[in-house]
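Participant: The structure file query_14.tsv (TSV, C-alpha atoms) is provided below.
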chain	number	residue	atom	x	y	z
L	1245	MET	CA	-40.12	-38.87	-175.06
L	1246	ASN	CA	-37.14	-36.56	-174.85
L	1247	GLU	CA	-36.09	-35.41	-171.38
L	1248	ILE	CA	-34.99	-32.03	-172.79
L	1249	PRO	CA	-37.44	-30.17	-174.99
L	1250	LYS	CA	-36.20	-28.96	-178.38
L	1251	ASN	CA	-35.30	-25.28	-178.73
L	1252	ASN	CA	-35.23	-24.92	-174.99
L	1253	PRO	CA	-34.14	-21.37	-174.18
L	1254	PHE	CA	-33.69	-22.08	-170.52
L	1255	LYS	CA	-30.31	-23.13	-169.22
L	1256	ILE	CA	-29.19	-24.63	-165.98
L	1257	PRO	CA	-25.97	-23.81	-164.12
L	1258	GLU	CA	-23.00	-26.00	-164.96
L	1259	ASN	CA	-22.72	-29.14	-162.74
L	1260	TYR	CA	-26.14	-28.42	-161.26
L	1261	TRP	CA	-27.29	-32.02	-161.51
L	1262	GLU	CA	-23.99	-33.38	-160.15
L	1263	ASP	CA	-24.41	-31.34	-156.97
L	1264	PHE	CA	-28.17	-31.86	-156.78
L	1265	HIS	CA	-29.42	-33.65	-153.68
L	1266	VAL	CA	-32.65	-33.56	-151.77
L	1267	LYS	CA	-32.37	-32.57	-148.16
L	1268	LEU	CA	-34.81	-34.65	-146.20
L	1269	PRO	CA	-36.07	-32.81	-143.14
L	1270	GLY	CA	-34.03	-33.64	-140.07
L	1271	ASN	CA	-32.28	-36.90	-140.80
L	1272	GLY	CA	-30.84	-35.92	-144.18
L	1273	LEU	CA	-29.02	-32.78	-143.00
L	1274	VAL	CA	-25.28	-32.75	-143.42
L	1275	HIS	CA	-23.18	-31.68	-140.46
L	1276	LYS	CA	-19.83	-30.68	-141.85
L	1277	ASP	CA	-18.42	-29.23	-138.65
L	1278	PHE	CA	-19.55	-31.42	-135.75
L	1279	LYS	CA	-18.82	-35.15	-135.85
L	1280	ALA	CA	-20.12	-38.03	-133.80
L	1281	PRO	CA	-17.79	-40.95	-132.98
L	1282	GLU	CA	-17.83	-43.60	-135.69
L	1283	GLY	CA	-20.70	-46.04	-135.22
L	1284	TYR	CA	-22.06	-44.07	-132.27
L	1285	LEU	CA	-25.58	-43.59	-133.57
L	1286	GLU	CA	-25.74	-47.10	-135.04
L	1287	SER	CA	-24.92	-48.63	-131.67
L	1288	PHE	CA	-26.80	-46.07	-129.57
L	1289	LYS	CA	-28.88	-47.72	-126.88
L	1290	VAL	CA	-30.80	-46.13	-124.06
L	1291	SER	CA	-30.04	-47.50	-120.64
L	1292	LEU	CA	-33.40	-47.37	-119.00
L	1293	PRO	CA	-33.29	-47.13	-115.23
L	1294	HIS	CA	-33.72	-50.46	-113.48
L	1295	THR	CA	-37.37	-51.11	-112.88
L	1296	ASN	CA	-38.43	-53.38	-110.07
L	1297	THR	CA	-40.25	-56.29	-111.68
L	1298	SER	CA	-41.07	-58.09	-108.45
L	1299	LYS	CA	-44.64	-57.91	-107.32
L	1300	PRO	CA	-45.37	-55.20	-104.81
L	1301	LYS	CA	-45.81	-56.35	-101.25
L	1302	VAL	CA	-49.46	-56.79	-100.39
L	1303	ILE	CA	-50.34	-55.93	-96.84
L	1304	ALA	CA	-53.58	-57.56	-95.69
L	1305	LEU	CA	-55.74	-54.93	-94.14
L	1306	PHE	CA	-57.69	-57.63	-92.28
L	1307	ASN	CA	-54.74	-58.30	-89.95
L	1308	HIS	CA	-54.67	-54.65	-88.96
L	1309	TYR	CA	-58.41	-54.71	-88.39
L	1310	LYS	CA	-58.06	-57.86	-86.31
L	1311	ILE	CA	-55.44	-56.29	-84.03
L	1312	THR	CA	-57.47	-53.11	-83.78
L	1313	ALA	CA	-60.62	-55.06	-82.96
L	1314	ILE	CA	-58.88	-57.01	-80.18
L	1315	ALA	CA	-57.42	-53.82	-78.72
L	1316	ALA	CA	-60.83	-52.14	-78.85
L	1317	ALA	CA	-62.48	-55.12	-77.11
L	1318	ILE	CA	-59.89	-55.09	-74.30
L	1319	ALA	CA	-60.32	-51.34	-73.90
L	1320	LEU	CA	-64.09	-51.79	-73.67
L	1321	LEU	CA	-63.75	-54.59	-71.10
L	1322	ILE	CA	-61.63	-52.33	-68.93
L	1323	ALA	CA	-63.57	-49.14	-69.49
L	1324	VAL	CA	-67.17	-50.37	-69.10
L	1325	PRO	CA	-66.92	-51.57	-65.43
L	1326	ILE	CA	-65.07	-48.41	-64.48
L	1327	LEU	CA	-67.75	-46.30	-66.12
L	1328	LEU	CA	-70.53	-48.33	-64.48
L	1329	ASN	CA	-68.94	-48.03	-61.01
L	1330	THR	CA	-68.44	-44.33	-61.45
L	1331	ASN	CA	-72.08	-43.93	-62.38
L	1332	ARG	CA	-73.23	-46.06	-59.46
L	1333	ALA	CA	-71.11	-44.12	-56.98
L	1334	SER	CA	-72.38	-40.85	-58.29
L	1335	LEU	CA	-75.95	-42.21	-58.08
L	1336	GLU	CA	-75.40	-43.27	-54.48
L	1337	ASN	CA	-73.94	-39.87	-53.65
L	1338	THR	CA	-76.95	-38.25	-55.23
L	1339	ILE	CA	-79.24	-40.38	-53.07
L	1340	ALA	CA	-77.26	-39.68	-49.94
L	1341	ILE	CA	-77.30	-35.96	-50.51
L	1342	SER	CA	-81.00	-35.95	-51.25
L	1343	GLU	CA	-81.66	-37.97	-48.12
L	1344	LEU	CA	-79.61	-35.57	-46.03
L	1345	GLU	CA	-81.39	-32.61	-47.50
L	1346	ALA	CA	-84.71	-34.25	-46.76
L	1347	TYR	CA	-83.56	-35.02	-43.22
L	1348	PHE	CA	-82.43	-31.47	-42.53
L	1349	THR	CA	-85.60	-30.12	-44.01
L	1350	TYR	CA	-87.59	-32.46	-41.80
L	1351	THR	CA	-85.70	-31.67	-38.61
L	1352	SER	CA	-85.73	-27.95	-39.17
L	1353	ASP	CA	-89.43	-28.10	-40.04
L	1354	SER	CA	-90.21	-30.23	-36.98
L	1355	TYR	CA	-88.89	-27.48	-34.70
L	1356	SER	CA	-90.80	-24.55	-36.03
L	1357	HIS	CA	-90.68	-20.93	-34.97
L	1358	TYR	CA	-93.84	-21.59	-33.10
L	1359	ASP	CA	-92.17	-24.39	-31.10
L	1360	MET	CA	-89.26	-22.12	-30.33
L	1361	ALA	CA	-91.63	-19.39	-29.17
L	1362	LEU	CA	-93.32	-21.80	-26.79
L	1363	ALA	CA	-89.98	-22.60	-25.16
L	1364	LEU	CA	-89.28	-18.94	-24.54
L	1365	PRO	CA	-90.91	-16.57	-21.99
L	1366	GLU	CA	-93.88	-14.63	-23.28
L	1367	SER	CA	-92.27	-11.23	-22.79
L	1368	ALA	CA	-88.83	-9.68	-22.84
L	1369	GLN	CA	-89.38	-8.49	-19.29
L	1370	GLU	CA	-89.60	-12.10	-18.17
L	1371	MET	CA	-86.24	-12.63	-19.83
L	1372	ASP	CA	-84.82	-9.87	-17.60
L	1373	VAL	CA	-86.36	-11.58	-14.56
L	1374	PHE	CA	-84.61	-14.81	-15.60
L	1375	ALA	CA	-81.30	-13.05	-15.94
L	1376	ASP	CA	-81.46	-11.46	-12.52
L	1377	ASN	CA	-82.96	-14.50	-10.70
L	1378	PRO	CA	-81.79	-17.98	-11.72
L	1379	GLU	CA	-84.22	-19.50	-9.27
L	1380	VAL	CA	-87.10	-18.02	-11.21
L	1381	LEU	CA	-85.67	-19.56	-14.39
L	1382	GLN	CA	-85.33	-22.93	-12.76
L	1383	SER	CA	-88.89	-22.88	-11.51
L	1384	TYR	CA	-90.05	-21.72	-14.95
L	1385	LEU	CA	-88.32	-24.61	-16.62
L	1386	GLN	CA	-89.71	-27.04	-14.04
L	1387	GLU	CA	-93.14	-25.93	-15.02
L	1388	ARG	CA	-92.49	-26.20	-18.75
L	1389	VAL	CA	-90.19	-29.24	-18.97
L	1390	SER	CA	-91.56	-32.11	-16.99
L	1391	SER	CA	-88.51	-34.30	-17.23
L	1392	TYR	CA	-86.12	-31.67	-15.90
L	1393	ASP	CA	-85.64	-33.43	-12.55
L	1394	ALA	CA	-85.09	-36.69	-14.29
L	1395	LEU	CA	-82.44	-35.06	-16.43
L	1396	ILE	CA	-80.66	-33.73	-13.38
L	1397	LEU	CA	-80.81	-37.11	-11.75
L	1398	TYR	CA	-79.63	-38.78	-14.88
L	1399	GLU	CA	-76.70	-36.37	-15.04
L	1400	ASP	CA	-75.65	-37.12	-11.46
L	1401	GLU	CA	-75.53	-40.82	-12.02
L	1402	PRO	CA	-72.07	-42.37	-11.96
U	1476	MET	CA	-41.89	-46.08	-140.79
U	1477	ILE	CA	-44.46	-46.77	-138.12
U	1478	ASP	CA	-47.22	-44.23	-137.65
U	1479	ASP	CA	-46.65	-41.97	-134.64
U	1480	GLN	CA	-50.16	-42.52	-133.29
U	1481	LEU	CA	-49.69	-46.27	-133.35
U	1482	LEU	CA	-46.22	-45.91	-131.82
U	1483	VAL	CA	-47.60	-43.82	-128.96
U	1484	ALA	CA	-50.39	-46.33	-128.39
U	1485	GLN	CA	-47.82	-49.12	-128.20
U	1486	LEU	CA	-45.60	-47.07	-125.88
U	1487	GLN	CA	-48.53	-46.55	-123.54
U	1488	ASP	CA	-49.32	-50.26	-123.59
U	1489	LYS	CA	-47.20	-52.02	-120.94
U	1490	SER	CA	-47.04	-55.24	-122.91
U	1491	GLN	CA	-45.63	-53.58	-126.03
U	1492	GLN	CA	-43.78	-50.55	-124.73
U	1493	HIS	CA	-40.24	-51.97	-124.72
U	1494	LYS	CA	-40.42	-53.00	-128.36
U	1495	ALA	CA	-42.07	-49.70	-129.27
U	1496	PHE	CA	-39.40	-47.81	-127.37
U	1497	GLU	CA	-36.69	-49.42	-129.48
U	1498	ILE	CA	-38.52	-48.22	-132.59
U	1499	LEU	CA	-38.85	-44.73	-131.11
U	1500	VAL	CA	-35.13	-44.56	-130.36
U	1501	ASP	CA	-34.17	-45.78	-133.83
U	1502	SER	CA	-36.53	-43.31	-135.46
U	1503	TYR	CA	-35.51	-40.20	-133.57
U	1504	LYS	CA	-31.99	-40.73	-132.17
U	1505	SER	CA	-30.20	-39.07	-135.07
U	1506	ARG	CA	-32.42	-35.99	-135.31
U	1507	LEU	CA	-32.41	-35.47	-131.56
U	1508	TYR	CA	-28.66	-36.06	-131.34
U	1509	TRP	CA	-27.89	-33.25	-133.78
U	1510	HIS	CA	-30.45	-30.96	-132.20
U	1511	ILE	CA	-28.87	-31.45	-128.78
U	1512	ARG	CA	-25.33	-31.34	-130.14
U	1513	ARG	CA	-25.92	-27.87	-131.58
U	1514	ILE	CA	-27.00	-26.69	-128.15
U	1515	VAL	CA	-24.39	-28.30	-125.89
U	1516	LEU	CA	-21.57	-28.53	-128.51
U	1517	ASP	CA	-19.70	-31.41	-126.83
U	1518	HIS	CA	-20.31	-35.04	-127.90
U	1519	ASP	CA	-20.09	-36.58	-124.42
U	1520	ASP	CA	-22.51	-34.02	-123.01
U	1521	THR	CA	-24.81	-34.67	-125.97
U	1522	ASP	CA	-24.76	-38.37	-125.22
U	1523	ASP	CA	-25.79	-37.72	-121.60
U	1524	VAL	CA	-28.57	-35.38	-122.62
U	1525	LEU	CA	-29.80	-37.74	-125.35
U	1526	GLN	CA	-29.98	-40.60	-122.86
U	1527	ASN	CA	-31.89	-38.42	-120.41
U	1528	THR	CA	-34.22	-37.26	-123.15
U	1529	PHE	CA	-35.23	-40.78	-124.14
U	1530	ILE	CA	-35.53	-41.89	-120.53
U	1531	LYS	CA	-37.81	-38.94	-119.83
U	1532	CYS	CA	-39.88	-39.80	-122.90
U	1533	PHE	CA	-40.22	-43.37	-121.68
U	1534	THR	CA	-41.17	-42.43	-118.14
U	1535	HIS	CA	-43.56	-39.64	-119.15
U	1536	ILE	CA	-45.20	-41.22	-122.19
U	1537	GLU	CA	-48.43	-41.54	-120.19
U	1538	ASN	CA	-48.58	-37.73	-120.14
U	1539	PHE	CA	-48.46	-37.48	-123.93
U	1540	LYS	CA	-52.06	-36.77	-124.95
U	1541	GLY	CA	-51.45	-36.44	-128.67
U	1542	GLU	CA	-52.27	-32.72	-128.69
U	1543	SER	CA	-49.05	-32.08	-130.61
U	1544	LYS	CA	-47.01	-34.29	-132.90
U	1545	LEU	CA	-44.74	-36.85	-131.27
U	1546	TYR	CA	-41.57	-35.32	-132.71
U	1547	SER	CA	-42.59	-31.86	-131.38
U	1548	TRP	CA	-42.98	-33.37	-127.93
U	1549	LEU	CA	-39.62	-35.14	-128.20
U	1550	TYR	CA	-37.90	-31.98	-129.43
U	1551	ARG	CA	-39.37	-30.00	-126.56
U	1552	ILE	CA	-38.06	-32.51	-124.03
U	1553	ALA	CA	-34.65	-32.60	-125.73
U	1554	THR	CA	-34.45	-28.79	-125.79
U	1555	ASN	CA	-35.39	-28.46	-122.14
U	1556	GLU	CA	-32.99	-31.21	-121.11
U	1557	ALA	CA	-30.13	-29.60	-123.05
U	1558	LEU	CA	-30.77	-26.12	-121.64
U	1559	ASN	CA	-31.12	-27.46	-118.09
U	1560	PHE	CA	-27.89	-29.40	-118.57
U	1561	LEU	CA	-26.04	-26.22	-119.56
U	1562	ARG	CA	-27.53	-24.25	-116.67
U	1563	GLN	CA	-26.48	-26.90	-114.17
U	1564	LYS	CA	-22.97	-27.05	-115.59
U	1565	ALA	CA	-22.63	-23.26	-115.40
U	1566	LYS	CA	-24.01	-23.24	-111.86
U	1567	LYS	CA	-21.53	-25.91	-110.75
U	1568	LEU	CA	-18.67	-23.84	-112.12
U	1569	GLY	CA	-20.11	-20.67	-110.60
U	1570	VAL	CA	-20.27	-18.80	-113.91
U	1571	GLU	CA	-22.98	-17.21	-116.02
U	1572	ASN	CA	-24.60	-19.31	-118.75
U	1573	SER	CA	-23.23	-17.05	-121.51
U	1574	GLU	CA	-19.74	-17.28	-120.04
U	1575	TYR	CA	-19.98	-21.08	-119.95
U	1576	MET	CA	-21.15	-21.21	-123.60
U	1577	GLU	CA	-18.27	-19.04	-124.75
U	1578	HIS	CA	-15.90	-21.36	-122.89
U	1579	LYS	CA	-17.43	-24.41	-124.61
U	1580	ALA	CA	-17.19	-22.75	-128.02
U	1581	ALA	CA	-13.52	-21.94	-127.40
U	1582	GLN	CA	-12.88	-25.62	-126.61
U	1583	LEU	CA	-14.03	-26.64	-130.11
U	1584	GLU	CA	-10.57	-25.85	-131.47
U	1585	SER	CA	-9.19	-28.87	-129.61
U	1586	ASP	CA	-12.29	-31.07	-129.95
U	1587	VAL	CA	-11.50	-34.27	-131.87
U	1588	TYR	CA	-15.14	-34.49	-132.92
U	1589	PHE	CA	-15.16	-31.04	-134.46
U	1590	GLU	CA	-13.79	-30.79	-137.98
U	1591	GLY	CA	-14.81	-27.28	-138.85
U	1592	ASP	CA	-12.35	-24.72	-140.17
U	1593	ALA	CA	-11.50	-21.31	-138.70
U	1594	ILE	CA	-14.70	-19.78	-140.08
U	1595	ASP	CA	-16.82	-22.52	-138.51
U	1596	ILE	CA	-15.13	-21.96	-135.16
U	1597	ALA	CA	-15.65	-18.20	-135.44
U	1598	LEU	CA	-19.32	-18.83	-136.29
U	1599	GLN	CA	-19.76	-21.13	-133.28
U	1600	LYS	CA	-18.15	-18.53	-131.01
U	1601	ALA	CA	-20.49	-15.88	-132.39
U	1602	ILE	CA	-23.50	-18.16	-131.82
U	1603	ALA	CA	-22.32	-18.84	-128.26
U	1604	GLN	CA	-22.53	-15.12	-127.51
U	1605	LEU	CA	-26.21	-14.98	-128.39
U	1606	PRO	CA	-28.94	-15.00	-125.74
U	1607	GLU	CA	-30.36	-18.47	-125.10
U	1608	LYS	CA	-33.56	-18.09	-127.13
U	1609	GLN	CA	-31.83	-16.50	-130.13
U	1610	ARG	CA	-29.19	-19.23	-130.07
U	1611	LEU	CA	-31.88	-21.92	-130.15
U	1612	VAL	CA	-33.84	-20.25	-132.93
U	1613	PHE	CA	-30.73	-19.68	-135.04
U	1614	ASN	CA	-29.58	-23.30	-134.73
U	1615	MET	CA	-33.02	-24.74	-135.47
U	1616	ARG	CA	-33.55	-22.49	-138.46
U	1617	TYR	CA	-30.04	-22.27	-139.94
U	1618	TYR	CA	-28.68	-25.77	-139.31
U	1619	GLU	CA	-31.80	-27.90	-138.90
U	1620	GLU	CA	-33.84	-25.90	-141.45
U	1621	MET	CA	-36.92	-26.25	-139.32
U	1622	LYS	CA	-40.10	-24.40	-140.26
U	1623	TYR	CA	-41.12	-21.52	-138.02
U	1624	GLU	CA	-44.49	-23.19	-137.46
U	1625	GLU	CA	-42.80	-26.33	-136.13
U	1626	MET	CA	-40.43	-24.29	-134.01
U	1627	ALA	CA	-43.38	-22.36	-132.59
U	1628	VAL	CA	-44.93	-25.61	-131.33
U	1629	ILE	CA	-41.66	-26.88	-129.85
U	1630	LEU	CA	-40.62	-23.62	-128.20
U	1631	GLU	CA	-44.20	-22.64	-127.33
U	1632	THR	CA	-43.99	-19.18	-128.83
U	1633	SER	CA	-45.37	-17.30	-131.82
U	1634	VAL	CA	-44.03	-17.41	-135.37
U	1635	GLY	CA	-43.60	-13.62	-135.31
U	1636	ALA	CA	-41.46	-13.77	-132.18
U	1637	LEU	CA	-39.33	-16.51	-133.72
U	1638	LYS	CA	-38.78	-14.53	-136.91
U	1639	ALA	CA	-37.77	-11.50	-134.86
U	1640	SER	CA	-35.38	-13.65	-132.79
U	1641	TYR	CA	-33.82	-15.12	-135.91
U	1642	HIS	CA	-33.41	-11.66	-137.43
U	1643	HIS	CA	-31.72	-10.34	-134.28
U	1644	ALA	CA	-29.50	-13.43	-134.12
U	1645	THR	CA	-28.28	-13.13	-137.72
U	1646	THR	CA	-27.65	-9.41	-137.30
U	1647	LYS	CA	-25.57	-10.00	-134.16
U	1648	ILE	CA	-23.63	-12.85	-135.76
U	1649	LYS	CA	-22.79	-10.72	-138.78
U	1650	GLU	CA	-21.61	-7.91	-136.52
U	1651	THR	CA	-19.49	-10.29	-134.45
U	1652	LEU	CA	-17.90	-11.89	-137.51
U	1653	ASN	CA	-17.22	-8.50	-139.10
U	1654	THR	CA	-15.42	-7.20	-136.03
U	1655	HIS	CA	-13.06	-10.22	-135.86
Represent the structure contained in this file as structure tokens.
Facilitator:
Amino acid sequence: MNEIPKNNPFKIPENYWEDFHVKLPGNGLVHKDFKAPEGYLESFKVSLPHTNTSKPKVIALFNHYKITAIAAAIALLIAVPILLNTNRASLENTIAISELEAYFTYTSDSYSHYDMALALPESAQEMDVFADNPEVLQSYLQERVSSYDALILYEDEP
Amino acid sequence: MIDDQLLVAQLQDKSQQHKAFEILVDSYKSRLYWHIRRIVLDHDDTDDVLQNTFIKCFTHIENFKGESKLYSWLYRIATNEALNFLRQKAKKLGVENSEYMEHKAAQLESDVYFEGDAIDIALQKAIAQLPEKQRLVFNMRYYEEMKYEEMAVILETSVGALKASYHHATTKIKETLNTH
């Protein structure tokens, strides 16, 4: 089989096949202006940054938990008695206050208005008589308070 | 050549990743080198950026979900690394990015790793004057002959926008070359 057909009317430019070359994409391109140093690309190596090949340090979480647990136990040992004492003291105070309140209520109730009225003269006029005559007051009290003389005697004792 | 899906799977597997990484570097170092070199112009800077690009690929391979092709992902990282590199350099010198690029293009005349003639230098100076996006698009289309569809994935933009950028870039370059 002939490479060139007979009676071929088509012509090709002179020296076309001598200059013919296929430009492969990328790698095959010719750079006539810029040059790379001889052997640069052949010997090109990438210096990767140093990577640490040693195993990473493993920190046992249990140790931290252990320390934390001990610290928490000590804190509890200190805190619990303090809290208990505080509660007890406040409880005692509560009791004391309630007892005092009960006492005051009792004492004030035991000396009622009625009792106070008995100790006083029956009329305001009598009060005026007492003010003008101390002897009348003394005799009035002797009638009402039986132990008055005893009180006087008791007071005079050495 | 190893399939990209398999390569990614090996890169994400701790037991195989170092071997897979060597394959990745061998497969893509040349393409990424020239892509970066067109952006930063200087060989030593390219070397730094290329190193950083591969390191970033290695450290972030877990984030690669396979939603795009591996080379698109690598190109995106390389592009971002190169642009960030230029921005940092300009910031350190206290100049604008465009001013820094023009300075780098002017240095090509004395660069031992640049063998272009006067026209090539004039072209590089004209490219350096372009805005960042137009410069990228022009380089990727004109020098790397990348398809707009591929560029759209890498640069995360539309094909229409890329075509417009390329058109503006070529127009500006022609104007610049005609005035000099």
Participant: Taking every listed atom of stretch 1590-1602 of chain U and adding 4 Å to each side, what centre and edge lengths in Å (one decimal) does the axis-aligned box have, as JSON?
Facilitator:
{"center_x": -17.5, "center_y": -23.3, "center_z": -135.6, "size_x": 20.0, "size_y": 22.9, "size_z": 17.2}
Participant: Would you mind telling me which residue in U:Leu1630, U:Leu1561, U:Ile1514, U:Leu1481 lies nearest to chain L when using all atoms listed in the file?
Facilitator: U:Ile1514
Participant: Near U:Leu1516, counting only C-alpha atoms, which residues have an atom at most 12 Å away, once you skip same-chain residues fewer than 3 positions from it, shown as a PyMOL selection string?
Facilitator: (chain L and resi 1277-1280) or (chain U and resi 1508-1513+1519-1522+1524+1557-1558+1560-1561+1575-1584+1586+1588-1589+1596+1599-1600+1602-1603+1614)
Participant: Provide as a PyMOL selection string the residues of chain U at most 8 Å from chain L, counting all atoms listed in the file.
Facilitator: chain U and resi 1500+1504-1506+1518+1526+1529-1530+1588-1592+1595+1618-1621
Participant: Just the number, please: distance in Å from atom CA of U:Lys1489 to atom CA of U:Thr1534, one decimal.
Facilitator: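 Separation of atom CA of U:Lys1489 and atom CA of U:Thr1534: 11.7 Å.
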Participant: Quick one: residues within 10 Å of U:Cys1532, only C-alpha atoms, excluding same-chain residues fewer than 3 positions away - as a VMD selection string?
Facilitator: chain U and resid 1486 1496 1499 1526 to 1529 1535 to 1539 1548 to 1549 1552 to 1553
Participant: Restricting the calculation to all atoms listed in the file: of U:Ser1547, U:Thr1651, U:Ser1640, U:Gln1485, which residue gets closest to U:Glu1624?
Facilitator: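 So, comparing all the options, the nearest one is U:Ser1547.
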Participant: In terms of the shortest atom-to-atom distance over all atoms listed in the file, which of U:Thr1654, U:Thr1646, U:Ser1633, U:Gln1480 is closest to U:Ser1543?
Facilitator: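 Among U:Thr1654, U:Thr1646, U:Ser1633, U:Gln1480, it is U:Gln1480 that comes nearest to U:Ser1543.
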Participant: Every residue with an atom at most 8 Å from (-50.0, -40.1, -128.8) (file coordinates; only C-alpha atoms) is what I'm after, so could you write them as a list in words?
Facilitator: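 Neighbouring residues, ordered by chain and number, come to Asp1479, Gln1480, Leu1481, Leu1482, Val1483, Ala1484, Phe1539, Lys1540, Gly1541, Glu1542, Lys1544 and Leu1545 of chain U.
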Participant: From the list U:His1493, U:Lys1647, U:Lys1564, U:Arg1551, which residue is nearest U:Glu1631 when using all atoms listed in the file?
Facilitator: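 Smallest distance to U:Glu1631 is found for U:Arg1551.
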